[in-house]
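Undergrad: First the structure, then my questions, so here it is.
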Amino acid sequence: MRKINKKIITYILCLAMIMGNMFILSGCSKEEEEDVIVLRVSNWEEYIDEGDWDPEEETIELENGTVICPELSLVEDFEAWFYETYGKEVRVEYSTFGTNEELYNQMSMGDTYDLVCPSEYMIMKLMTEDMVVPYSEEFFDTSVDTNYYAKGLSPYIKSVYDELSIEGEPLSKYAAGYMWGTLGIVYNPEVISEEEAAHWDLLLDKKYAKQVTIKDSVRDAYFAGNSIYNKDLLLSEEFINSDDYYEKMEQLLNATDQETVDATEDILSKIKGNVYSFETDSGKADMVSGKVVANQQWSGDAVYTLDQAEEEDVYLCYSAPEEATNLWFDGWVMLKDGIGEDPDKQMAAEAFVNFVSRPDNAIRNMWYIGYTSVISGGEDDSIFQYIEYLYAADPEEEDPEDLVEYPVSHFFTGKHAEELSEDEIAEYTLTTWEEQTRRQLFAQYPPEDVTDRSVVMAYFDKEGNERINQMWLNVRCFDVYEYLWGE
């Protein structure tokens with residue numbers, strides 16, 4: 001009996017020790033968990049480098065010694081870098097969305113994020129609704145070594161951000177750029193001429209009936225339709241040479257008055273009868289397969305399409321129509337619902353933006369997704385070297401007749417050619433194949449004449465949105481209405 005009691009007592013003591021240790025361990029885990037900064041980030045699908053590069057086929061080696069061939073995803077690398085840099089742990093809860101509206105609906109339904117990456121008009125909407133937190137003054141301090149965004153943002157993109165404002169507040173105060181580009185037309189040069197692809201009314205050309213596609217997006221379709229409506233004015237010498245050309249063009253292509261909306265609706269209804277389809281993502285595959293010969297496309301997806309087609313020995317081109325092109329961009333904004341007044345969260349969010357803006361990481365993302373980073377690199381020349389890595393030709397090995405000089409100085413300096421010396425222009429000019437003036441290089445880094453006719457589509461006010469949405473409903477649902485009511 002005594003023996004049994006000793007066993008019981010020993011068992012109880014052991015159990016108490018185990019439970020005590022578990023309590024202590026549990027307490028430590030809770031304390032450790034409280035020390036971890038949880039950063040909830042939401043971004044577009046397939047819009048960040050996921051790592052696992054093939055060393056034999058994907059290693060990028062630049063002339064300045066930079067070697068890029070990551071094993072881990074950019075998110076995982078950020079978590080490690082943050083701890084090494086700041087001595088604190090951060091855990092990124094990364095999620096994705098498919099459209100700006102999907103992101104907004106998720107937030108409206110109660111999903112909470114700290115850092116999100118919507119497009120320009122949605123950023124403006126979030127600013128209007130007082131849903132975003134401004135970046136700290138320290139974030140813009142170029143003397144801080146880790147402030148890669150402030151030090152490396154393209155001067156051209158910076159000027160665009162600085163000039164855009166909502167209710168007197170500059171967009172650059174609340175948004176940090178990520179990717180940017182133009183809206184244009186991917187086309188098959190074996191079928192469609194360069195001149196035909198240089199105008200938005202290609203979408204109306206009966207010669208290519210049921211062989212072209214247009215974006216199933218009210219804003220992108222409206223831009224094309226409005227450009228067709230105003231084609232004669234947009235291409236007139238008097239309009240182009242006016243002192244306030246950009247302001248007039250911006251006002252014209254962002255107009256939502258009833259007359260413009262009605263005229264654009266009529267044009268889009270005719271386009272609907274001519275195109276193969278309105279599409280959101282299938283246009284890329286349809287171009288590669290040859291199902292269609294032209295496709296309204298964002299420049300980043302155009303690069304992807306051209307790359308994929310080239311693997312099938314099909315050589316496509318990209319055009320930014322002469323009337324005008326939409327200058328779009330996606331940018332990082334911090335949300336009040338998530339960040340609140342938590343200084344650690346804001347520090348982590350700003351650090352994330354800086355990390356993805358580091359030139360080597362900007363290159364990683366561009367290589368992975370095909371889009372163009374807003375980062376030019378500042379004093380770090382990796383971005384320009386990356387462009388040369390992709391597109392520079394050796395004049396000694398190529399036929400000179402196949403080569404051209406292609407300046408990208410506007411992106412790197414923010415200045416027009418007439419404001420630069422010959423040496424400054426030469427610093428950011430590469431020798432490339434003539435065909436690249438219509439292909440990937442043109443799509444990723446458009447020349448000055450294209451950026452000069454690039455317009456940011458604004459966030460429309462309530463009345464404008466109502467008119468545009470009703471117009472889109474009329475265009476997209478007319479066949480259903482006619483089928484149901486026979487009118």
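Chains: A, B, ... in order of the structure tokens. Residues: from 1 per chain. Ligands: from 1, in order shown.
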Fewer than 5 positions away in the same chain doesn't count, so skip those; otherwise give me all residues within 9 Å of Tyr113 of chain A, counting only C-alpha atoms, as a PyMOL selection string.

TA: chain A and resi 39-42+107+334-339

Undergrad: Please list as a list in words every residue within 9 Å of Ser376 of chain A, counting only C-alpha atoms and excluding residues in the same chain fewer than 2 positions away.

TA: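 Non-adjacent residues within range: Gly152, Leu153, Ser154, Pro155, Pro359, Ser373, Val374, Gly378, Asp380, Asp381, Ser382, Ile383, Phe384, Phe411, Phe412 and Thr413 of chain A.
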
Undergrad: Restricting the output to all heavy atoms, write the selected residues as a short mmCIF file (atom, residue, chain, number, x, y, z; two decimals), in the first residue's frame.

TA:
data_model
loop_
_atom_site.label_atom_id
_atom_site.label_comp_id
_atom_site.auth_asym_id
_atom_site.auth_seq_id
_atom_site.Cartn_x
_atom_site.Cartn_y
_atom_site.Cartn_z
N GLY A 152 15.14 55.75 -54.79
CA GLY A 152 15.17 55.10 -56.10
C GLY A 152 13.97 55.32 -56.99
O GLY A 152 13.95 54.84 -58.13
N LEU A 153 12.95 56.05 -56.52
CA LEU A 153 11.75 56.27 -57.34
C LEU A 153 12.10 57.06 -58.60
O LEU A 153 12.85 58.04 -58.56
CB LEU A 153 10.71 57.05 -56.53
CG LEU A 153 9.41 57.42 -57.25
CD1 LEU A 153 8.64 56.18 -57.65
CD2 LEU A 153 8.56 58.33 -56.37
N SER A 154 11.57 56.60 -59.74
CA SER A 154 11.79 57.31 -61.00
C SER A 154 11.33 58.76 -60.88
O SER A 154 10.21 59.03 -60.45
CB SER A 154 11.01 56.62 -62.12
OG SER A 154 10.77 57.50 -63.20
N PRO A 155 12.17 59.73 -61.25
CA PRO A 155 11.76 61.14 -61.22
C PRO A 155 10.51 61.39 -62.06
O PRO A 155 9.69 62.25 -61.71
CB PRO A 155 12.97 61.88 -61.78
CG PRO A 155 14.13 60.98 -61.47
CD PRO A 155 13.59 59.59 -61.64
N PRO A 359 16.59 48.08 -55.58
CA PRO A 359 16.75 47.79 -57.01
C PRO A 359 16.82 46.31 -57.37
O PRO A 359 16.19 45.88 -58.35
CB PRO A 359 18.04 48.52 -57.37
CG PRO A 359 18.03 49.72 -56.47
CD PRO A 359 17.48 49.21 -55.17
N SER A 373 8.62 48.18 -62.90
CA SER A 373 8.67 48.82 -61.59
C SER A 373 8.78 50.34 -61.74
O SER A 373 9.33 50.85 -62.71
CB SER A 373 9.88 48.30 -60.81
OG SER A 373 10.09 49.05 -59.62
N VAL A 374 8.27 51.06 -60.74
CA VAL A 374 8.40 52.52 -60.72
C VAL A 374 9.80 52.93 -60.29
O VAL A 374 10.14 54.10 -60.32
CB VAL A 374 7.37 53.16 -59.76
CG1 VAL A 374 5.95 52.82 -60.16
CG2 VAL A 374 7.64 52.74 -58.30
N GLY A 378 17.97 55.48 -58.64
CA GLY A 378 18.78 56.57 -58.11
C GLY A 378 20.26 56.39 -58.45
O GLY A 378 20.62 56.21 -59.61
N ASP A 380 22.05 53.88 -57.71
CA ASP A 380 22.29 52.47 -58.04
C ASP A 380 21.87 52.25 -59.50
O ASP A 380 20.71 52.47 -59.86
CB ASP A 380 21.45 51.59 -57.10
CG ASP A 380 21.74 50.10 -57.27
OD1 ASP A 380 21.94 49.66 -58.41
OD2 ASP A 380 21.72 49.38 -56.26
N ASP A 381 22.81 51.84 -60.34
CA ASP A 381 22.52 51.72 -61.77
C ASP A 381 22.01 50.34 -62.19
O ASP A 381 21.99 50.01 -63.38
CB ASP A 381 23.76 52.07 -62.59
CG ASP A 381 24.93 51.12 -62.33
OD1 ASP A 381 24.81 50.24 -61.46
OD2 ASP A 381 25.98 51.27 -63.01
N SER A 382 21.56 49.54 -61.23
CA SER A 382 21.13 48.17 -61.54
C SER A 382 19.95 48.12 -62.51
O SER A 382 19.89 47.23 -63.37
CB SER A 382 20.78 47.42 -60.25
OG SER A 382 21.90 47.27 -59.42
N ILE A 383 19.00 49.05 -62.38
CA ILE A 383 17.81 49.00 -63.22
C ILE A 383 18.18 49.24 -64.68
O ILE A 383 17.74 48.49 -65.58
CB ILE A 383 16.77 50.04 -62.77
CG1 ILE A 383 16.35 49.80 -61.31
CG2 ILE A 383 15.54 50.00 -63.69
CD1 ILE A 383 15.65 48.49 -61.06
N PHE A 384 19.00 50.25 -64.95
CA PHE A 384 19.41 50.48 -66.34
C PHE A 384 20.23 49.31 -66.85
O PHE A 384 20.09 48.90 -68.02
CB PHE A 384 20.20 51.79 -66.46
CG PHE A 384 20.57 52.10 -67.89
CD1 PHE A 384 19.60 52.51 -68.79
CD2 PHE A 384 21.88 51.97 -68.33
CE1 PHE A 384 19.94 52.78 -70.12
CE2 PHE A 384 22.22 52.24 -69.65
CZ PHE A 384 21.24 52.65 -70.54
N PHE A 411 12.50 58.46 -68.23
CA PHE A 411 12.14 57.68 -67.04
C PHE A 411 13.17 57.87 -65.93
O PHE A 411 12.83 57.96 -64.76
CB PHE A 411 12.03 56.19 -67.41
CG PHE A 411 11.77 55.29 -66.24
CD1 PHE A 411 10.51 55.24 -65.66
CD2 PHE A 411 12.77 54.49 -65.71
CE1 PHE A 411 10.26 54.41 -64.57
CE2 PHE A 411 12.54 53.67 -64.63
CZ PHE A 411 11.28 53.62 -64.06
N PHE A 412 14.43 57.95 -66.29
CA PHE A 412 15.50 58.02 -65.30
C PHE A 412 15.80 59.44 -64.80
O PHE A 412 16.35 59.60 -63.71
CB PHE A 412 16.78 57.40 -65.87
CG PHE A 412 16.74 55.90 -65.91
CD1 PHE A 412 16.26 55.23 -67.03
CD2 PHE A 412 17.15 55.15 -64.83
CE1 PHE A 412 16.20 53.84 -67.06
CE2 PHE A 412 17.10 53.76 -64.84
CZ PHE A 412 16.62 53.11 -65.97
N THR A 413 15.44 60.44 -65.58
CA THR A 413 15.74 61.82 -65.17
C THR A 413 14.50 62.66 -64.92
O THR A 413 14.58 63.67 -64.21
CB THR A 413 16.59 62.53 -66.23
OG1 THR A 413 15.79 62.73 -67.41
CG2 THR A 413 17.83 61.72 -66.59
#

Undergrad: Near Trp298 of chain A, within 10 Å and counting only C-alpha atoms, which residues show up once chain neighbours fewer than 5 positions away are dropped, as a list in words?

TA: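 Surrounding residues, per the criterion: Trp180, Gly181, Thr182, Leu183, Gly184, Ile185, Val186, Lys215, Asp220, Val303, Tyr318, Ala320, Asn326, Leu327, Trp328, Tyr371 and Ala443 of chain A.
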
Undergrad: Mind writing the picked residues with N, CA, C and O atoms as an mmCIF file, in the first residue's frame?

TA:
data_model
loop_
_atom_site.group_PDB
_atom_site.id
_atom_site.type_symbol
_atom_site.label_atom_id
_atom_site.label_comp_id
_atom_site.auth_asym_id
_atom_site.auth_seq_id
_atom_site.Cartn_x
_atom_site.Cartn_y
_atom_site.Cartn_z
ATOM 1 N N TRP A 180 3.905 50.247 -63.061
ATOM 2 C CA TRP A 180 3.232 51.235 -63.895
ATOM 3 C C TRP A 180 3.290 50.785 -65.346
ATOM 4 O O TRP A 180 4.019 49.851 -65.697
ATOM 5 N N GLY A 181 2.519 51.462 -66.191
ATOM 6 C CA GLY A 181 2.563 51.121 -67.608
ATOM 7 C C GLY A 181 1.529 51.892 -68.404
ATOM 8 O O GLY A 181 0.943 52.871 -67.931
ATOM 9 N N THR A 182 1.316 51.438 -69.613
ATOM 10 C CA THR A 182 0.378 52.076 -70.532
ATOM 11 C C THR A 182 -0.694 51.083 -70.952
ATOM 12 O O THR A 182 -0.591 49.886 -70.691
ATOM 13 N N LEU A 183 -1.707 51.599 -71.605
ATOM 14 C CA LEU A 183 -2.771 50.774 -72.180
ATOM 15 C C LEU A 183 -2.660 50.857 -73.694
ATOM 16 O O LEU A 183 -2.561 51.950 -74.255
ATOM 17 N N GLY A 184 -2.624 49.705 -74.358
ATOM 18 C CA GLY A 184 -2.439 49.732 -75.801
ATOM 19 C C GLY A 184 -3.026 48.526 -76.498
ATOM 20 O O GLY A 184 -3.991 47.919 -76.019
ATOM 21 N N ILE A 185 -2.422 48.180 -77.612
ATOM 22 C CA ILE A 185 -2.940 47.094 -78.451
ATOM 23 C C ILE A 185 -1.811 46.122 -78.789
ATOM 24 O O ILE A 185 -0.774 46.520 -79.331
ATOM 25 N N VAL A 186 -2.004 44.861 -78.440
ATOM 26 C CA VAL A 186 -1.118 43.795 -78.911
ATOM 27 C C VAL A 186 -1.656 43.355 -80.266
ATOM 28 O O VAL A 186 -2.862 43.132 -80.406
ATOM 29 N N LYS A 215 -10.947 44.785 -73.471
ATOM 30 C CA LYS A 215 -11.021 44.465 -72.058
ATOM 31 C C LYS A 215 -12.464 44.546 -71.544
ATOM 32 O O LYS A 215 -13.198 45.477 -71.876
ATOM 33 N N ASP A 220 -11.248 50.786 -68.882
ATOM 34 C CA ASP A 220 -10.373 50.581 -70.034
ATOM 35 C C ASP A 220 -11.147 50.690 -71.347
ATOM 36 O O ASP A 220 -10.648 51.260 -72.325
ATOM 37 N N VAL A 303 3.786 42.350 -72.473
ATOM 38 C CA VAL A 303 5.126 41.748 -72.419
ATOM 39 C C VAL A 303 5.025 40.243 -72.226
ATOM 40 O O VAL A 303 5.706 39.461 -72.904
ATOM 41 N N TYR A 318 3.413 45.527 -79.947
ATOM 42 C CA TYR A 318 2.581 46.319 -79.036
ATOM 43 C C TYR A 318 2.558 47.759 -79.504
ATOM 44 O O TYR A 318 3.589 48.318 -79.900
ATOM 45 N N ALA A 320 0.975 51.776 -78.568
ATOM 46 C CA ALA A 320 0.291 52.745 -77.699
ATOM 47 C C ALA A 320 -0.325 53.777 -78.645
ATOM 48 O O ALA A 320 0.388 54.630 -79.174
ATOM 49 N N ASN A 326 -3.648 55.427 -71.771
ATOM 50 C CA ASN A 326 -3.891 55.539 -70.335
ATOM 51 C C ASN A 326 -2.608 55.202 -69.574
ATOM 52 O O ASN A 326 -2.047 54.126 -69.754
ATOM 53 N N LEU A 327 -2.138 56.131 -68.758
ATOM 54 C CA LEU A 327 -1.020 55.864 -67.865
ATOM 55 C C LEU A 327 -1.602 55.305 -66.569
ATOM 56 O O LEU A 327 -2.279 56.005 -65.824
ATOM 57 N N TRP A 328 -1.359 54.029 -66.315
ATOM 58 C CA TRP A 328 -1.897 53.405 -65.105
ATOM 59 C C TRP A 328 -0.752 53.092 -64.136
ATOM 60 O O TRP A 328 0.407 53.011 -64.527
ATOM 61 N N TYR A 371 5.891 43.041 -65.525
ATOM 62 C CA TYR A 371 5.502 44.445 -65.453
ATOM 63 C C TYR A 371 6.715 45.319 -65.135
ATOM 64 O O TYR A 371 7.798 44.818 -64.846
ATOM 65 N N ALA A 443 7.050 48.314 -74.765
ATOM 66 C CA ALA A 443 5.959 48.140 -73.802
ATOM 67 C C ALA A 443 6.417 48.447 -72.383
ATOM 68 O O ALA A 443 5.685 49.056 -71.599
#

Undergrad: If you count only C-alpha atoms, which residues fall within 12 Å of Ser289 of chain A, apart from same-chain ones fewer than 5 positions away, as an NGL selection string?

TA: :A and (188 or 282-284 or 294 or 305-306 or 308-316)

Undergrad: Got time to write the residues from that selection, N, CA, C and O atoms, as a compact mmCIF listing (two decimals), in the first residue's frame?

TA:
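Writing done, so here's part-v7.txt:
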# COMPACT_ATOMS: atom_id res chain seq x y z
N ASN A 188 -0.82 41.24 -84.29
CA ASN A 188 -0.01 40.37 -85.13
C ASN A 188 0.41 41.14 -86.37
O ASN A 188 -0.42 41.46 -87.24
N SER A 282 -8.31 36.07 -71.05
CA SER A 282 -8.15 35.11 -72.14
C SER A 282 -7.47 35.71 -73.37
O SER A 282 -7.00 34.98 -74.24
N GLY A 283 -7.40 37.03 -73.44
CA GLY A 283 -6.82 37.68 -74.61
C GLY A 283 -5.38 37.29 -74.85
O GLY A 283 -4.94 37.19 -76.00
N LYS A 284 -4.63 37.06 -73.77
CA LYS A 284 -3.22 36.69 -73.92
C LYS A 284 -3.10 35.36 -74.66
O LYS A 284 -2.35 35.24 -75.62
N ALA A 294 -5.65 40.89 -82.70
CA ALA A 294 -5.38 42.11 -81.93
C ALA A 294 -6.15 42.05 -80.63
O ALA A 294 -7.24 41.46 -80.56
N THR A 305 2.52 38.34 -73.05
CA THR A 305 1.96 37.77 -74.28
C THR A 305 3.04 37.64 -75.35
O THR A 305 3.15 36.59 -76.01
N LEU A 306 3.83 38.69 -75.53
CA LEU A 306 4.90 38.65 -76.53
C LEU A 306 5.93 37.58 -76.20
O LEU A 306 6.43 36.89 -77.10
N GLN A 308 5.44 34.79 -74.42
CA GLN A 308 4.85 33.47 -74.63
C GLN A 308 4.73 33.14 -76.11
O GLN A 308 4.99 32.01 -76.53
N ALA A 309 4.34 34.12 -76.90
CA ALA A 309 4.20 33.89 -78.34
C ALA A 309 5.56 33.57 -78.97
O ALA A 309 5.66 32.71 -79.85
N GLU A 310 6.60 34.26 -78.50
CA GLU A 310 7.93 34.06 -79.05
C GLU A 310 8.41 32.63 -78.84
O GLU A 310 9.14 32.07 -79.68
N GLU A 311 7.98 32.01 -77.73
CA GLU A 311 8.34 30.62 -77.48
C GLU A 311 7.71 29.69 -78.51
O GLU A 311 8.19 28.58 -78.74
N GLU A 312 6.63 30.16 -79.13
CA GLU A 312 5.96 29.39 -80.19
C GLU A 312 6.35 29.89 -81.58
O GLU A 312 5.68 29.58 -82.57
N ASP A 313 7.42 30.68 -81.63
CA ASP A 313 7.90 31.27 -82.89
C ASP A 313 6.87 32.17 -83.55
O ASP A 313 6.78 32.26 -84.79
N VAL A 314 6.07 32.84 -82.71
CA VAL A 314 5.12 33.83 -83.19
C VAL A 314 5.58 35.18 -82.67
O VAL A 314 5.80 35.34 -81.46
N TYR A 315 5.75 36.16 -83.56
CA TYR A 315 6.30 37.45 -83.15
C TYR A 315 5.22 38.53 -83.22
O TYR A 315 4.80 38.94 -84.30
N LEU A 316 4.75 38.93 -82.05
CA LEU A 316 3.70 39.93 -81.93
C LEU A 316 4.31 41.30 -81.61
O LEU A 316 5.47 41.40 -81.24

Undergrad: Could you pull out the residues in segment 364-484 of chain A that DSSP calls strand (DSSP E) from the backbone, as a list of chain:residue names?

TA: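 Secondary structure check on segment 364-484 of chain A, strand (DSSP E): A:Thr372, A:Ser373, A:Leu403, A:Val404, A:Glu405, A:Tyr406, A:Pro407, A:Thr429, A:Leu430, A:Thr431, A:Thr432, A:Trp433, A:Ser454, A:Val455.
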
Undergrad: Please identify all polymer residues within 12 Å of segment 81-93 of chain A, counting only C-alpha atoms, omitting same-chain residues fewer than 4 positions from it, and present them as a VMD selection string.

TA: chain A and resid 32 to 43 73 to 77 112 to 116 145 to 146 344 to 356 358

Undergrad: Go through segment 283-448 of chain A and collect every residue that DSSP, computed from the backbone, puts in helix (DSSP H, G or I); the answer should be as a PyMOL selection string.

TA: chain A and resi 283-289+299-311+336-339+343-357+359-369+382-391+400-402+409-413+417-419+422-427+434-437+440-444+448

Undergrad: Using only C-alpha atoms, which residues sit within 8 Å of Trp53 of chain A once same-chain residues fewer than 5 positions away are excluded, as a list in words?

TA: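 Residues near the query, excluding close chain neighbours: Glu58, Thr59, Cys69, Pro70 and Glu71 of chain A.
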
Undergrad: Those same residues, written as a compact mmCIF listing (two decimals), in the first residue's frame with N, CA and C atoms?

TA:
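Listed below is the output, again.txt:
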# COMPACT_ATOMS: atom_id res chain seq x y z
N GLU A 58 17.92 30.95 -64.98
CA GLU A 58 17.32 32.22 -64.58
C GLU A 58 18.26 33.15 -63.81
N THR A 59 19.49 32.79 -63.62
CA THR A 59 20.41 33.67 -62.90
C THR A 59 20.68 34.93 -63.72
N CYS A 69 19.34 35.41 -58.13
CA CYS A 69 18.79 34.06 -58.35
C CYS A 69 18.24 33.56 -57.01
N PRO A 70 17.11 34.11 -56.57
CA PRO A 70 16.59 33.82 -55.23
C PRO A 70 16.02 32.42 -55.09
N GLU A 71 16.19 31.89 -53.89
CA GLU A 71 15.59 30.59 -53.54
C GLU A 71 14.23 30.80 -52.88

Undergrad: Between atom CA of Ser227 of chain A and atom CA of Val212 of chain A, what is the spacing in Å?

TA: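 Straight-line distance from atom CA of Val212 of chain A to atom CA of Ser227 of chain A works out to 17.5 Å.
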
Undergrad: For the atom pair atom CA of Gln211 of chain A and atom CA of Leu233 of chain A, what is the interatomic distance in Å to one decimal place?

TA: 28.0 Å

Undergrad: Do a neighbour search on Thr431 of chain A at 7 Å with only C-alpha atoms, toss out local chain neighbours closer than 6 positions, and write the hits as a ChimeraX atom specification.

TA: /A:392-393,403-406

Undergrad: One decimal, in Å: what's the spacing between atom CA of Pro446 of chain A and atom CA of Ala175 of chain A?

TA: 23.0 Å

Undergrad: When distances are computed from only C-alpha atoms, which of A:Asp452, A:Glu427, A:Asp399, A:Asp243 shows the smallest separation from Ala324 of chain A?

TA: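 Closest to Ala324 of chain A, using only C-alpha atoms: A:Asp452.
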